[in-house]
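Asker: Mind looking over this structure? Questions follow.
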Amino acid sequence: MKYADHLWIMENAHKEALLAFNEGEVPVGAIVTDSLGKEIARARNTKEKNLDASAHAEILALKLAAQKLGNWRLNDHHLYVTLEPCPMCLSAISQFRISKVFFSAYDSKGGALSLGYNIHKDLRLNHRFNVIGGLDQYKNSNLLSDFFKLRRGN
C-alpha cells in the first residue's frame, strides 16, 4: 500500500474520533483492515456511554472484526488508531494476532510504547507485530487537546 492509502484510512479513523468527541467520549477512532487496506470494522471509544473501562476504540474494532470474520485470529490484518494504544489495548492487539498497527498521536502519559511497554516485540510472547506511529499526528493530537481543553473549561 502507498503512504496515501494509509493516510486515507487514518482519515476515516479520525472521522470515528470526531463522532466520539461529539458524544462526550475521549476522541479515539480505530479501523481494522485486511492487508490490502479493505476495511473490516471500525469503532470509537464508548467508555462513558457504556460505563466500561475496556470500551476503547481498538478493542471494540478488534472484537467487531473477529465477529465479522468468524475468527479471533486476525493474522494479516492491520489496525489503524488515532491515539497510541495503551498497555491494555496493545496486549489485546497481540492476542488478536494483528500483523501491523498504525497510530497517529503519541500519548506520553498512557501510551504503551511511550511508557516502555514493547509488547509488540517481546520475544517471550508468542506473537510479534509491527507498529508505526505518528501517521497524521497533528490532526489527531489537536483534536485530543481541544477535547480536554473543553472538558477543563479552558
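Residues are named by chain letter and number: chains run A, B, ... in the order of the C-alpha cells, numbers start at 1 in each chain, and ligands are numbered from 1 in the order shown.
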List as a Markdown table every residue of region 13-92 of chain A that is in contact with region 111-116 of chain A, defined as an atom at most 12 Å from one of its atoms (using only C-alpha atoms), together with the nearest atom pair and the distance in Å rounded to one decimal, sorted by chain and then rising number.
Answerer:
```
| residue | atom | partner | partner_atom | distance |
| --- | --- | --- | --- | --- |
| A:Val81 | CA | A:Gly111 | CA | 12.0 |
| A:Thr82 | CA | A:Gly111 | CA | 11.7 |
| A:Leu83 | CA | A:Gly111 | CA | 8.0 |
| A:Glu84 | CA | A:Gly111 | CA | 5.2 |
| A:Pro85 | CA | A:Gly111 | CA | 5.4 |
| A:Cys86 | CA | A:Gly111 | CA | 4.5 |
| A:Pro87 | CA | A:Ala112 | CA | 4.6 |
| A:Met88 | CA | A:Ala112 | CA | 8.2 |
| A:Cys89 | CA | A:Ala112 | CA | 8.4 |
| A:Leu90 | CA | A:Ala112 | CA | 6.9 |
| A:Ser91 | CA | A:Ala112 | CA | 9.3 |
| A:Ala92 | CA | A:Ala112 | CA | 11.9 |
```
Asker: Please write the residues from the selection above to a file, keeping N, CA, C and O atoms, as a PDB file, in the first residue's frame.
Answerer:
```pdb
ATOM      1  N   VAL A  81      -5.331   3.436  14.404  1.00  0.00           N
ATOM      2  CA  VAL A  81      -5.951   4.064  15.571  1.00  0.00           C
ATOM      3  C   VAL A  81      -5.400   5.473  15.727  1.00  0.00           C
ATOM      4  O   VAL A  81      -4.222   5.726  15.480  1.00  0.00           O
ATOM      5  N   THR A  82      -6.263   6.402  16.122  1.00  0.00           N
ATOM      6  CA  THR A  82      -5.887   7.813  16.163  1.00  0.00           C
ATOM      7  C   THR A  82      -5.017   8.182  17.359  1.00  0.00           C
ATOM      8  O   THR A  82      -4.459   9.271  17.390  1.00  0.00           O
ATOM      9  N   LEU A  83      -4.886   7.302  18.332  1.00  0.00           N
ATOM     10  CA  LEU A  83      -4.056   7.550  19.508  1.00  0.00           C
ATOM     11  C   LEU A  83      -3.225   6.306  19.811  1.00  0.00           C
ATOM     12  O   LEU A  83      -3.712   5.180  19.658  1.00  0.00           O
ATOM     13  N   GLU A  84      -2.022   6.523  20.240  1.00  0.00           N
ATOM     14  CA  GLU A  84      -1.141   5.409  20.624  1.00  0.00           C
ATOM     15  C   GLU A  84      -1.866   4.476  21.599  1.00  0.00           C
ATOM     16  O   GLU A  84      -2.431   4.934  22.591  1.00  0.00           O
ATOM     17  N   PRO A  85      -1.872   3.179  21.319  1.00  0.00           N
ATOM     18  CA  PRO A  85      -2.577   2.239  22.202  1.00  0.00           C
ATOM     19  C   PRO A  85      -1.995   2.206  23.618  1.00  0.00           C
ATOM     20  O   PRO A  85      -0.775   2.303  23.809  1.00  0.00           O
ATOM     21  N   CYS A  86      -2.885   2.067  24.583  1.00  0.00           N
ATOM     22  CA  CYS A  86      -2.479   1.910  25.972  1.00  0.00           C
ATOM     23  C   CYS A  86      -1.983   0.470  26.179  1.00  0.00           C
ATOM     24  O   CYS A  86      -2.129  -0.376  25.292  1.00  0.00           O
ATOM     25  N   PRO A  87      -1.397   0.155  27.343  1.00  0.00           N
ATOM     26  CA  PRO A  87      -0.941  -1.222  27.585  1.00  0.00           C
ATOM     27  C   PRO A  87      -2.043  -2.268  27.433  1.00  0.00           C
ATOM     28  O   PRO A  87      -1.801  -3.342  26.872  1.00  0.00           O
ATOM     29  N   MET A  88      -3.252  -1.967  27.895  1.00  0.00           N
ATOM     30  CA  MET A  88      -4.352  -2.923  27.751  1.00  0.00           C
ATOM     31  C   MET A  88      -4.632  -3.202  26.277  1.00  0.00           C
ATOM     32  O   MET A  88      -4.779  -4.360  25.865  1.00  0.00           O
ATOM     33  N   CYS A  89      -4.696  -2.149  25.483  1.00  0.00           N
ATOM     34  CA  CYS A  89      -5.010  -2.316  24.058  1.00  0.00           C
ATOM     35  C   CYS A  89      -3.878  -2.995  23.308  1.00  0.00           C
ATOM     36  O   CYS A  89      -4.121  -3.832  22.441  1.00  0.00           O
ATOM     37  N   LEU A  90      -2.633  -2.661  23.639  1.00  0.00           N
ATOM     38  CA  LEU A  90      -1.514  -3.307  22.957  1.00  0.00           C
ATOM     39  C   LEU A  90      -1.507  -4.803  23.269  1.00  0.00           C
ATOM     40  O   LEU A  90      -1.221  -5.620  22.392  1.00  0.00           O
ATOM     41  N   SER A  91      -1.873  -5.170  24.484  1.00  0.00           N
ATOM     42  CA  SER A  91      -1.982  -6.597  24.824  1.00  0.00           C
ATOM     43  C   SER A  91      -3.108  -7.258  24.043  1.00  0.00           C
ATOM     44  O   SER A  91      -2.949  -8.370  23.533  1.00  0.00           O
ATOM     45  N   ALA A  92      -4.243  -6.579  23.929  1.00  0.00           N
ATOM     46  CA  ALA A  92      -5.362  -7.132  23.157  1.00  0.00           C
ATOM     47  C   ALA A  92      -4.984  -7.285  21.687  1.00  0.00           C
ATOM     48  O   ALA A  92      -5.316  -8.293  21.056  1.00  0.00           O
TER      49      ALA A  92
END
```
Asker: Give me, as a CSV table (one decimal) with N, CA and C atoms, in the first residue's frame, all polymer residues having an atom no more than 8 Å from Glu16 (chain A), counting only C-alpha atoms and skipping those fewer than 5 positions away in the same chain.
Answerer:
```csv
chain,number,residue,atom,x,y,z
A,27,PRO,N,-11.8,11.4,22.2
A,27,PRO,CA,-11.9,11.2,20.7
A,27,PRO,C,-10.9,10.3,20.2
A,28,VAL,N,-11.2,9.0,20.2
A,28,VAL,CA,-10.3,8.0,19.6
A,28,VAL,C,-11.1,7.1,18.7
A,29,GLY,N,-10.6,6.9,17.5
A,29,GLY,CA,-11.2,6.1,16.5
A,29,GLY,C,-10.3,5.0,16.0
A,30,ALA,N,-10.8,3.8,15.6
A,30,ALA,CA,-10.0,2.7,15.2
A,30,ALA,C,-10.6,2.0,14.0
A,42,ARG,N,-14.9,-0.8,12.1
A,42,ARG,CA,-14.5,0.5,12.7
A,42,ARG,C,-15.2,0.7,14.0
A,43,ALA,N,-14.6,1.4,14.9
A,43,ALA,CA,-15.2,1.7,16.2
A,43,ALA,C,-14.6,3.0,16.8
A,44,ARG,N,-15.2,3.5,17.9
A,44,ARG,CA,-14.7,4.6,18.6
A,44,ARG,C,-14.9,4.3,20.1
```
Asker: Using DSSP on the backbone coordinates, identify all residues within region 1-151 of chain A classified as strand (DSSP E or B); present the result as a short mmCIF file (atom, residue, chain, number, x, y, z; two decimals) with all heavy atoms, in the first residue's frame.
Answerer:
```cif
data_model
loop_
_atom_site.label_atom_id
_atom_site.label_comp_id
_atom_site.auth_asym_id
_atom_site.auth_seq_id
_atom_site.Cartn_x
_atom_site.Cartn_y
_atom_site.Cartn_z
N GLY A 29 -10.59 6.93 17.46
CA GLY A 29 -11.24 6.06 16.49
C GLY A 29 -10.27 5.00 16.02
O GLY A 29 -9.05 5.21 16.01
N ALA A 30 -10.81 3.85 15.62
CA ALA A 30 -9.97 2.74 15.16
C ALA A 30 -10.63 2.02 14.00
O ALA A 30 -11.86 1.94 13.93
CB ALA A 30 -9.72 1.76 16.30
N ILE A 31 -9.79 1.52 13.10
CA ILE A 31 -10.26 0.76 11.95
C ILE A 31 -9.38 -0.47 11.77
O ILE A 31 -8.15 -0.37 11.85
CB ILE A 31 -10.23 1.61 10.66
CG1 ILE A 31 -11.26 2.75 10.78
CG2 ILE A 31 -10.49 0.76 9.42
CD1 ILE A 31 -11.33 3.66 9.58
N VAL A 32 -10.00 -1.61 11.52
CA VAL A 32 -9.29 -2.84 11.18
C VAL A 32 -9.47 -3.05 9.68
O VAL A 32 -10.59 -2.95 9.16
CB VAL A 32 -9.84 -4.06 11.95
CG1 VAL A 32 -9.15 -5.34 11.49
CG2 VAL A 32 -9.67 -3.87 13.46
N THR A 33 -8.35 -3.33 8.99
CA THR A 33 -8.39 -3.61 7.56
C THR A 33 -7.70 -4.94 7.29
O THR A 33 -6.95 -5.44 8.13
CB THR A 33 -7.66 -2.54 6.73
OG1 THR A 33 -6.25 -2.64 6.94
CG2 THR A 33 -8.14 -1.13 7.05
N ASP A 34 -7.93 -5.47 6.10
CA ASP A 34 -7.10 -6.59 5.67
C ASP A 34 -5.77 -6.02 5.20
O ASP A 34 -5.56 -4.80 5.22
CB ASP A 34 -7.80 -7.45 4.61
CG ASP A 34 -8.03 -6.75 3.27
OD1 ASP A 34 -7.42 -5.69 3.01
OD2 ASP A 34 -8.83 -7.28 2.48
N GLU A 39 -11.48 -2.20 4.46
CA GLU A 39 -12.00 -2.06 5.82
C GLU A 39 -12.84 -3.26 6.23
O GLU A 39 -13.71 -3.70 5.49
CB GLU A 39 -12.82 -0.78 5.94
CG GLU A 39 -13.32 -0.54 7.34
CD GLU A 39 -14.05 0.77 7.51
OE1 GLU A 39 -13.59 1.80 6.96
OE2 GLU A 39 -15.09 0.75 8.19
N ILE A 40 -12.57 -3.75 7.44
CA ILE A 40 -13.32 -4.86 8.02
C ILE A 40 -14.25 -4.34 9.11
O ILE A 40 -15.40 -4.72 9.21
CB ILE A 40 -12.38 -5.94 8.61
CG1 ILE A 40 -11.35 -6.41 7.57
CG2 ILE A 40 -13.18 -7.10 9.18
CD1 ILE A 40 -11.92 -7.02 6.32
N ALA A 41 -13.73 -3.45 9.96
CA ALA A 41 -14.52 -2.94 11.09
C ALA A 41 -13.98 -1.59 11.53
O ALA A 41 -12.81 -1.28 11.32
CB ALA A 41 -14.46 -3.93 12.25
N ARG A 42 -14.85 -0.82 12.15
CA ARG A 42 -14.45 0.46 12.74
C ARG A 42 -15.18 0.66 14.05
O ARG A 42 -16.28 0.13 14.24
CB ARG A 42 -14.67 1.62 11.79
CG ARG A 42 -16.12 1.90 11.46
CD ARG A 42 -16.34 3.18 10.66
NE ARG A 42 -15.61 3.22 9.41
CZ ARG A 42 -15.42 4.33 8.70
NH1 ARG A 42 -15.91 5.48 9.12
NH2 ARG A 42 -14.75 4.29 7.58
N ALA A 43 -14.58 1.45 14.92
CA ALA A 43 -15.20 1.73 16.22
C ALA A 43 -14.59 2.99 16.81
O ALA A 43 -13.58 3.49 16.33
CB ALA A 43 -14.99 0.55 17.18
N ARG A 44 -15.22 3.46 17.86
CA ARG A 44 -14.74 4.63 18.60
C ARG A 44 -14.92 4.35 20.10
O ARG A 44 -15.65 3.44 20.48
CB ARG A 44 -15.48 5.88 18.19
CG ARG A 44 -16.98 5.81 18.42
CD ARG A 44 -17.67 7.02 17.79
NE ARG A 44 -19.11 6.92 17.83
CZ ARG A 44 -19.86 6.33 16.90
NH1 ARG A 44 -19.28 5.73 15.88
NH2 ARG A 44 -21.17 6.32 17.01
N HIS A 77 -3.94 -8.82 9.23
CA HIS A 77 -4.82 -7.66 9.30
C HIS A 77 -4.08 -6.51 9.99
O HIS A 77 -3.13 -6.73 10.74
CB HIS A 77 -6.11 -8.00 10.03
CG HIS A 77 -7.03 -8.83 9.21
ND1 HIS A 77 -6.84 -10.18 9.01
CD2 HIS A 77 -8.14 -8.49 8.50
CE1 HIS A 77 -7.79 -10.64 8.22
NE2 HIS A 77 -8.59 -9.64 7.90
N HIS A 78 -4.54 -5.31 9.69
CA HIS A 78 -3.92 -4.11 10.23
C HIS A 78 -4.91 -3.34 11.08
O HIS A 78 -6.12 -3.39 10.83
CB HIS A 78 -3.44 -3.20 9.10
CG HIS A 78 -2.46 -3.84 8.18
ND1 HIS A 78 -2.11 -3.30 6.98
CD2 HIS A 78 -1.74 -4.98 8.28
CE1 HIS A 78 -1.22 -4.06 6.36
NE2 HIS A 78 -0.99 -5.10 7.15
N LEU A 79 -4.39 -2.64 12.08
CA LEU A 79 -5.21 -1.78 12.92
C LEU A 79 -4.70 -0.35 12.78
O LEU A 79 -3.50 -0.10 12.90
CB LEU A 79 -5.12 -2.22 14.38
CG LEU A 79 -5.84 -1.32 15.38
CD1 LEU A 79 -7.36 -1.42 15.22
CD2 LEU A 79 -5.44 -1.65 16.81
N TYR A 80 -5.61 0.56 12.52
CA TYR A 80 -5.31 2.00 12.46
C TYR A 80 -6.04 2.64 13.63
O TYR A 80 -7.24 2.40 13.82
CB TYR A 80 -5.83 2.60 11.16
CG TYR A 80 -5.11 2.10 9.94
CD1 TYR A 80 -5.39 0.86 9.39
CD2 TYR A 80 -4.11 2.87 9.34
CE1 TYR A 80 -4.72 0.39 8.27
CE2 TYR A 80 -3.44 2.41 8.22
CZ TYR A 80 -3.75 1.18 7.68
OH TYR A 80 -3.07 0.72 6.58
N VAL A 81 -5.33 3.44 14.40
CA VAL A 81 -5.95 4.06 15.57
C VAL A 81 -5.40 5.47 15.73
O VAL A 81 -4.22 5.73 15.48
CB VAL A 81 -5.76 3.20 16.85
CG1 VAL A 81 -4.30 3.00 17.19
CG2 VAL A 81 -6.55 3.74 18.01
N THR A 82 -6.26 6.40 16.12
CA THR A 82 -5.89 7.81 16.16
C THR A 82 -5.02 8.18 17.36
O THR A 82 -4.46 9.27 17.39
CB THR A 82 -7.14 8.71 16.15
OG1 THR A 82 -7.97 8.38 17.27
CG2 THR A 82 -7.92 8.53 14.85
N LEU A 83 -4.89 7.30 18.33
CA LEU A 83 -4.06 7.55 19.51
C LEU A 83 -3.23 6.31 19.81
O LEU A 83 -3.71 5.18 19.66
CB LEU A 83 -4.94 7.89 20.72
CG LEU A 83 -4.24 8.20 22.04
CD1 LEU A 83 -3.36 9.45 21.92
CD2 LEU A 83 -5.27 8.38 23.16
N LYS A 100 0.05 -5.56 11.83
CA LYS A 100 0.60 -4.20 11.84
C LYS A 100 -0.36 -3.24 12.51
O LYS A 100 -1.57 -3.34 12.32
CB LYS A 100 0.85 -3.69 10.41
CG LYS A 100 2.00 -4.35 9.71
CD LYS A 100 2.23 -3.73 8.34
CE LYS A 100 3.33 -4.49 7.62
NZ LYS A 100 3.50 -4.04 6.25
N VAL A 101 0.22 -2.30 13.25
CA VAL A 101 -0.55 -1.24 13.88
C VAL A 101 -0.01 0.08 13.39
O VAL A 101 1.21 0.31 13.40
CB VAL A 101 -0.44 -1.31 15.42
CG1 VAL A 101 -1.14 -0.12 16.06
CG2 VAL A 101 -1.01 -2.62 15.94
N PHE A 102 -0.91 0.95 12.97
CA PHE A 102 -0.57 2.32 12.60
C PHE A 102 -1.33 3.22 13.56
O PHE A 102 -2.54 3.10 13.68
CB PHE A 102 -1.02 2.62 11.17
CG PHE A 102 -0.39 1.74 10.13
CD1 PHE A 102 -0.97 0.52 9.80
CD2 PHE A 102 0.78 2.12 9.50
CE1 PHE A 102 -0.40 -0.30 8.83
CE2 PHE A 102 1.36 1.31 8.53
CZ PHE A 102 0.78 0.09 8.20
N PHE A 103 -0.59 4.10 14.25
CA PHE A 103 -1.30 5.03 15.13
C PHE A 103 -0.89 6.45 14.79
O PHE A 103 0.13 6.69 14.14
CB PHE A 103 -1.11 4.70 16.61
CG PHE A 103 0.24 4.98 17.18
CD1 PHE A 103 0.58 6.23 17.67
CD2 PHE A 103 1.19 3.96 17.27
CE1 PHE A 103 1.82 6.48 18.23
CE2 PHE A 103 2.44 4.20 17.82
CZ PHE A 103 2.75 5.46 18.30
N SER A 104 -1.69 7.39 15.24
CA SER A 104 -1.49 8.79 14.89
C SER A 104 -0.79 9.53 16.02
O SER A 104 0.42 9.69 16.00
CB SER A 104 -2.85 9.42 14.56
OG SER A 104 -2.70 10.74 14.11
N ALA A 105 -1.53 9.99 17.01
CA ALA A 105 -0.97 10.80 18.09
C ALA A 105 -0.25 9.95 19.13
O ALA A 105 -0.73 8.87 19.49
CB ALA A 105 -2.09 11.60 18.75
N ASN A 130 4.36 -5.35 13.90
CA ASN A 130 4.98 -4.06 13.62
C ASN A 130 4.08 -2.93 14.08
O ASN A 130 2.85 -3.03 13.97
CB ASN A 130 5.26 -3.91 12.13
CG ASN A 130 6.30 -4.88 11.64
OD1 ASN A 130 7.28 -5.14 12.33
ND2 ASN A 130 6.09 -5.45 10.47
N VAL A 131 4.69 -1.85 14.55
CA VAL A 131 3.96 -0.66 14.97
C VAL A 131 4.61 0.55 14.33
O VAL A 131 5.83 0.72 14.40
CB VAL A 131 3.96 -0.51 16.51
CG1 VAL A 131 3.24 0.76 16.92
CG2 VAL A 131 3.34 -1.72 17.19
N ILE A 132 3.78 1.39 13.72
CA ILE A 132 4.25 2.63 13.11
C ILE A 132 3.43 3.77 13.70
O ILE A 132 2.19 3.75 13.63
CB ILE A 132 4.09 2.57 11.57
CG1 ILE A 132 4.95 1.45 11.02
CG2 ILE A 132 4.45 3.91 10.94
CD1 ILE A 132 4.64 1.07 9.60
#
```
Asker: Would you give me, as a ChimeraX atom specification, the residues in region 7-120 of chain A that DSSP reads as helix (DSSP H, G or I)?
Answerer: /A:7-22,47-50,57-69,87-95,119-120
Asker: Identify which of the residues A:Gln95, A:Leu135, A:Glu58, A:Lys15 lies closest to Ile119 (chain A), counting only C-alpha atoms when measuring atom-to-atom distances.
Answerer: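 The answer is A:Gln95, which sits nearest to Ile119 (chain A).
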Asker: What lies within 9 Å of Lys47 (chain A) using only C-alpha atoms, ignoring chain neighbours under 4 positions off, as an MDAnalysis selection string?
Answerer: chainID A and resid 25:26 51:56
Asker: Looking at A:Leu18, A:Ser94, A:Glu11, A:Lys2, which one is nearest to Asp136 (chain A), with distances taken over only C-alpha atoms?
Answerer: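 For Asp136 (chain A), the nearest of the candidates is A:Glu11.
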Asker: What's the separation between CA of Gly134 (chain A) and CA of Glu48 (chain A), in Å to one decimal place?
Answerer: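 A separation of 26.4 Å between them.
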Asker: In Å, with one decimal, what is the gap from CA of Arg151 (chain A) to CA of Gly24 (chain A)?
Answerer: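 We find that CA of Arg151 (chain A) and CA of Gly24 (chain A) lie 9.0 Å from each other.
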Asker: In Å, rounded to a single decimal, give me how far CA of Lys121 (chain A) is from CA of Gln137 (chain A).
Answerer: 22.7 Å
